[in-house]
Amino acid sequence: MSKNLLFIIGTRPELIKVFPIIQQLKKIGYPNYKIIATGQHKDLLTTYWKVFDITPDYELEIIKAGQNLTQLTSKAIVAIDDLLAKIKNEFSPDIIIAQGDTTTVMAAAMVAFYNQIKFAHIEAGLRSFNLNHPFPEEFNRKVASIVTDFHFAPTDVSKKNLIAENTTLSKIHVVGNTVIDTLHYFIHSNKLAQTEFSNIDLKKNLANIDDKLVLITCHRRENHHDLDELINAIEELSKKNADTIFIWPVHPNPNVKQRVETSNLSQLKNIIITAPLEYLDLLKVLQNCKIVISDSGGIQEEAPTFKVPVLILRETTERPEAVTLGISKLVGMNKNKIINSFNTFNPIFSQDFVNPYGDGNAAKKIVKILQG
Ligand code: UDP
């Protein structure tokens, strides 16, 4: 008898990275799965469900303005648990599946444990070894690991991290990162090539893009208080590189949005400050970047596919593979380091270079293992 799979998705990266698994289930005609959207990134995700052709079966509302992390966590746990109780006669999950390191993931893992349901963790074993960087994500993924029955680790580095925590070896499966499956899908199906920019600012300004773009993103909580270092670095870089266009899709978090939008940057001709980009717009920009400046986990993984180096706005990263290969560099939120590295960091990607984060077959492997 086939197992009932319950996916719990909260944020943008979770949807992007769960998508290929759902797609694989659709492809093989697997009927017994349901999807809960917790609403952790409700606004960021409205159009994404359509892009990925996924409709959640159940929607929760765990976000409330002014809510702190404790309140969010408790609300997520209670909301998921209540829903499980409510639907138990129509759908009783054998495995709960969540991806990454958000509050949604930690809550899903805890609810699975309390209800004695098996838990599968996608992107397992990432560690920065610093509970405050990223905050609270390092904590969230460590808690999830404690109760995980299926650790889907993206790389050998993440497998080693799990082994170092005495994880049972037979529970660890190195499958690659599903984000690469998603990328491959949009590249190989030609959807990326065939889609025009949907963002008006980009449509207007990027008619002839020629690998002269620089993408900037910044959203980590621990970086909010140093945002001026980044803003000042970008201002100086844009003045010194007049032939380059700097694109900064600003995260809706009020701590970031207000500071960036009210800075001098929007006055400068070669800077585009814009709302978060649709996934395909983001990929189109990435494809034409000469360098990325970002604290995003997903973008660190995606950029190597386009042979684009990343200056990582972090002191440490749980995705060290690209840094080890010399194609990404940790620069922190430090104006001088960002500027110096922008001017000097120019790694060469060999012709046969392959992305260290995956080969695009993770979802197939995950589905096979989950089916048992
Ligand atoms: N992303 C996007 N639009 C944007 C910025 C990011 O579609 O304006 C995508 C990006 O391609 C990546 C994911 O969102 O796949 C990363 O999300 P985020 O940086 O919010 O979270 P993290 O990966 O750091 O957890």
# chains A, B, ... in the order shown; residues from 1 in each chain; ligands from 1
>>> residues_near_ligand(ligand="ligand 1", cutoff="7 Å", atoms="only C-alpha atoms and all ligand atoms", output="PyMOL selection string")
chain A and resi 12-13+16+179+217+219+249+276-279+282-283+295-299+302
>>> residues_around(residues="A:Ser128", least_positions_apart="3", cutoff="10 Å", atoms="only C-alpha atoms", output="ChimeraX atom specification")
/A:125,131-134,137-138,161,315-320
>>> write_last_selection(atoms="N, CA, C and O atoms", output="short mmCIF file (atom, residue, chain, number, x, y, z; two decimals), in the first residue's frame")
data_model
loop_
_atom_site.label_atom_id
_atom_site.label_comp_id
_atom_site.auth_asym_id
_atom_site.auth_seq_id
_atom_site.Cartn_x
_atom_site.Cartn_y
_atom_site.Cartn_z
N GLY A 125 21.40 18.54 7.15
CA GLY A 125 22.83 18.49 7.48
C GLY A 125 23.61 19.77 7.22
O GLY A 125 24.82 19.80 7.40
N LEU A 131 25.09 29.19 16.40
CA LEU A 131 23.64 29.25 16.59
C LEU A 131 23.04 30.62 16.27
O LEU A 131 21.85 30.75 16.03
N ASN A 132 23.89 31.65 16.26
CA ASN A 132 23.38 33.00 15.96
C ASN A 132 23.56 33.42 14.52
O ASN A 132 23.17 34.52 14.14
N HIS A 133 24.19 32.59 13.71
CA HIS A 133 24.42 32.90 12.29
C HIS A 133 24.18 31.67 11.44
O HIS A 133 25.05 30.81 11.43
N PRO A 134 23.15 31.53 10.73
CA PRO A 134 22.03 32.45 10.68
C PRO A 134 21.05 32.19 11.82
O PRO A 134 20.86 31.05 12.23
N GLU A 137 17.91 30.17 12.00
CA GLU A 137 17.88 29.01 11.11
C GLU A 137 18.78 27.85 11.56
O GLU A 137 18.42 26.69 11.40
N GLU A 138 19.98 28.18 12.11
CA GLU A 138 20.88 27.10 12.53
C GLU A 138 20.19 26.26 13.63
O GLU A 138 20.26 25.04 13.63
N ASN A 161 28.46 16.36 8.42
CA ASN A 161 27.94 17.12 9.57
C ASN A 161 26.96 16.27 10.37
O ASN A 161 26.95 16.30 11.60
N GLU A 315 29.52 36.04 7.65
CA GLU A 315 30.82 35.72 8.25
C GLU A 315 31.13 34.24 8.06
O GLU A 315 32.27 33.82 8.10
N THR A 316 30.07 33.46 7.91
CA THR A 316 30.22 32.02 7.79
C THR A 316 29.10 31.50 6.89
O THR A 316 28.08 32.17 6.74
N THR A 317 29.29 30.35 6.28
CA THR A 317 28.20 29.81 5.47
C THR A 317 28.06 28.31 5.70
O THR A 317 29.05 27.60 5.89
N GLU A 318 26.82 27.86 5.69
CA GLU A 318 26.54 26.43 5.82
C GLU A 318 26.57 25.77 4.43
O GLU A 318 26.26 24.61 4.29
N ARG A 319 26.95 26.56 3.42
CA ARG A 319 27.09 26.04 2.06
C ARG A 319 28.53 26.30 1.60
O ARG A 319 28.78 27.12 0.72
N PRO A 320 29.51 25.62 2.26
CA PRO A 320 30.92 25.98 2.05
C PRO A 320 31.49 25.47 0.72
O PRO A 320 32.60 25.84 0.35
#
>>> residues_around(residues="A:Glu61", least_positions_apart="2", cutoff="9 Å", atoms="only C-alpha atoms", output="list in words")
Ala37, Thr38, Gly39, Gln40, Lys42, Glu59, Ile63, Lys64, Lys75, Ala76 and Ala79 of chain A
>>> closest_residue(among="A:Ile291, A:Ile95, A:Ile77, A:Ala275", to="A:Leu60", atoms="only C-alpha atoms")
A:Ile77
>>> residues_around(residues="A:Phe349", least_positions_apart="3", cutoff="9 Å", atoms="only C-alpha atoms", output="short mmCIF file (atom, residue, chain, number, x, y, z; two decimals) with N, CA, C and O atoms, in the first residue's frame")
data_model
loop_
_atom_site.label_atom_id
_atom_site.label_comp_id
_atom_site.auth_asym_id
_atom_site.auth_seq_id
_atom_site.Cartn_x
_atom_site.Cartn_y
_atom_site.Cartn_z
N PRO A 304 26.25 29.12 -9.21
CA PRO A 304 27.26 28.33 -9.93
C PRO A 304 26.75 27.71 -11.23
O PRO A 304 27.52 27.53 -12.17
N LYS A 307 27.56 29.95 -13.74
CA LYS A 307 28.98 30.33 -13.66
C LYS A 307 29.16 31.78 -13.20
O LYS A 307 29.93 32.54 -13.78
N VAL A 308 28.38 32.13 -12.20
CA VAL A 308 28.44 33.48 -11.65
C VAL A 308 29.00 33.41 -10.22
O VAL A 308 28.48 32.66 -9.39
N ILE A 327 34.86 29.81 -5.96
CA ILE A 327 33.95 30.55 -6.85
C ILE A 327 33.00 31.47 -6.08
O ILE A 327 32.23 32.20 -6.66
N ASP A 352 34.07 22.66 -18.29
CA ASP A 352 33.30 21.50 -17.81
C ASP A 352 32.93 21.64 -16.32
O ASP A 352 32.63 20.66 -15.65
N PHE A 353 32.90 22.87 -15.83
CA PHE A 353 32.55 23.12 -14.42
C PHE A 353 31.14 22.59 -14.12
O PHE A 353 30.22 22.81 -14.88
#
>>> select_by_dssp(residues="stretch 165-231 of chain A", states="helix (DSSP H, G or I)", output="PyMOL selection string")
chain A and resi 169-171+178-188+191-194+200-205+221-231
>>> closest_residue(among="A:Leu311, A:Ile216, A:Ile80, A:Ala363", to="A:Ile231", atoms="only C-alpha atoms")
A:Ile216
>>> residues_around(residues="stretch 99-107 of chain A", least_positions_apart="3", cutoff="8 Å", atoms="only C-alpha atoms", output="PDB file with C-alpha atoms, in the first residue's frame")
ATOM      1  CA  ILE A   8       4.456  21.407   4.830  1.00  0.00           C
ATOM      2  CA  ILE A   9       5.631  24.575   3.074  1.00  0.00           C
ATOM      3  CA  GLY A  10       6.044  28.030   4.586  1.00  0.00           C
ATOM      4  CA  THR A  11       8.373  30.258   2.598  1.00  0.00           C
ATOM      5  CA  GLU A  14      10.742  26.001   0.519  1.00  0.00           C
ATOM      6  CA  LYS A  17      12.870  23.475  -3.481  1.00  0.00           C
ATOM      7  CA  VAL A  18       9.838  21.222  -2.845  1.00  0.00           C
ATOM      8  CA  THR A  38       1.539  27.648   6.634  1.00  0.00           C
ATOM      9  CA  GLN A  40       4.884  32.152   6.732  1.00  0.00           C
ATOM     10  CA  LEU A  72       5.372  32.550  15.555  1.00  0.00           C
ATOM     11  CA  THR A  73       6.809  29.193  16.573  1.00  0.00           C
ATOM     12  CA  SER A  74       4.043  28.372  19.013  1.00  0.00           C
ATOM     13  CA  ALA A  76       2.909  27.308  13.803  1.00  0.00           C
ATOM     14  CA  ILE A  77       3.049  24.228  16.034  1.00  0.00           C
ATOM     15  CA  ILE A  80      -0.263  22.387  12.142  1.00  0.00           C
ATOM     16  CA  MET A 110       8.061  18.834  16.261  1.00  0.00           C
ATOM     17  CA  VAL A 111       4.448  18.116  15.338  1.00  0.00           C
ATOM     18  CA  HIS A 121      13.983  16.589   6.003  1.00  0.00           C
ATOM     19  CA  ILE A 122      14.962  17.978   2.606  1.00  0.00           C
ATOM     20  CA  GLU A 123      18.323  19.812   2.608  1.00  0.00           C
ATOM     21  CA  ALA A 124      19.452  18.093   5.792  1.00  0.00           C
ATOM     22  CA  PRO A 136      17.262  31.358  14.048  1.00  0.00           C
ATOM     23  CA  GLU A 137      17.879  29.005  11.107  1.00  0.00           C
ATOM     24  CA  GLU A 138      20.879  27.099  12.533  1.00  0.00           C
ATOM     25  CA  ASN A 140      15.714  25.327  13.500  1.00  0.00           C
ATOM     26  CA  ARG A 141      17.561  22.812  11.337  1.00  0.00           C
ATOM     27  CA  VAL A 143      16.049  20.699  16.091  1.00  0.00           C
ATOM     28  CA  ALA A 144      14.543  19.217  12.925  1.00  0.00           C
TER      29      ALA A 144
END
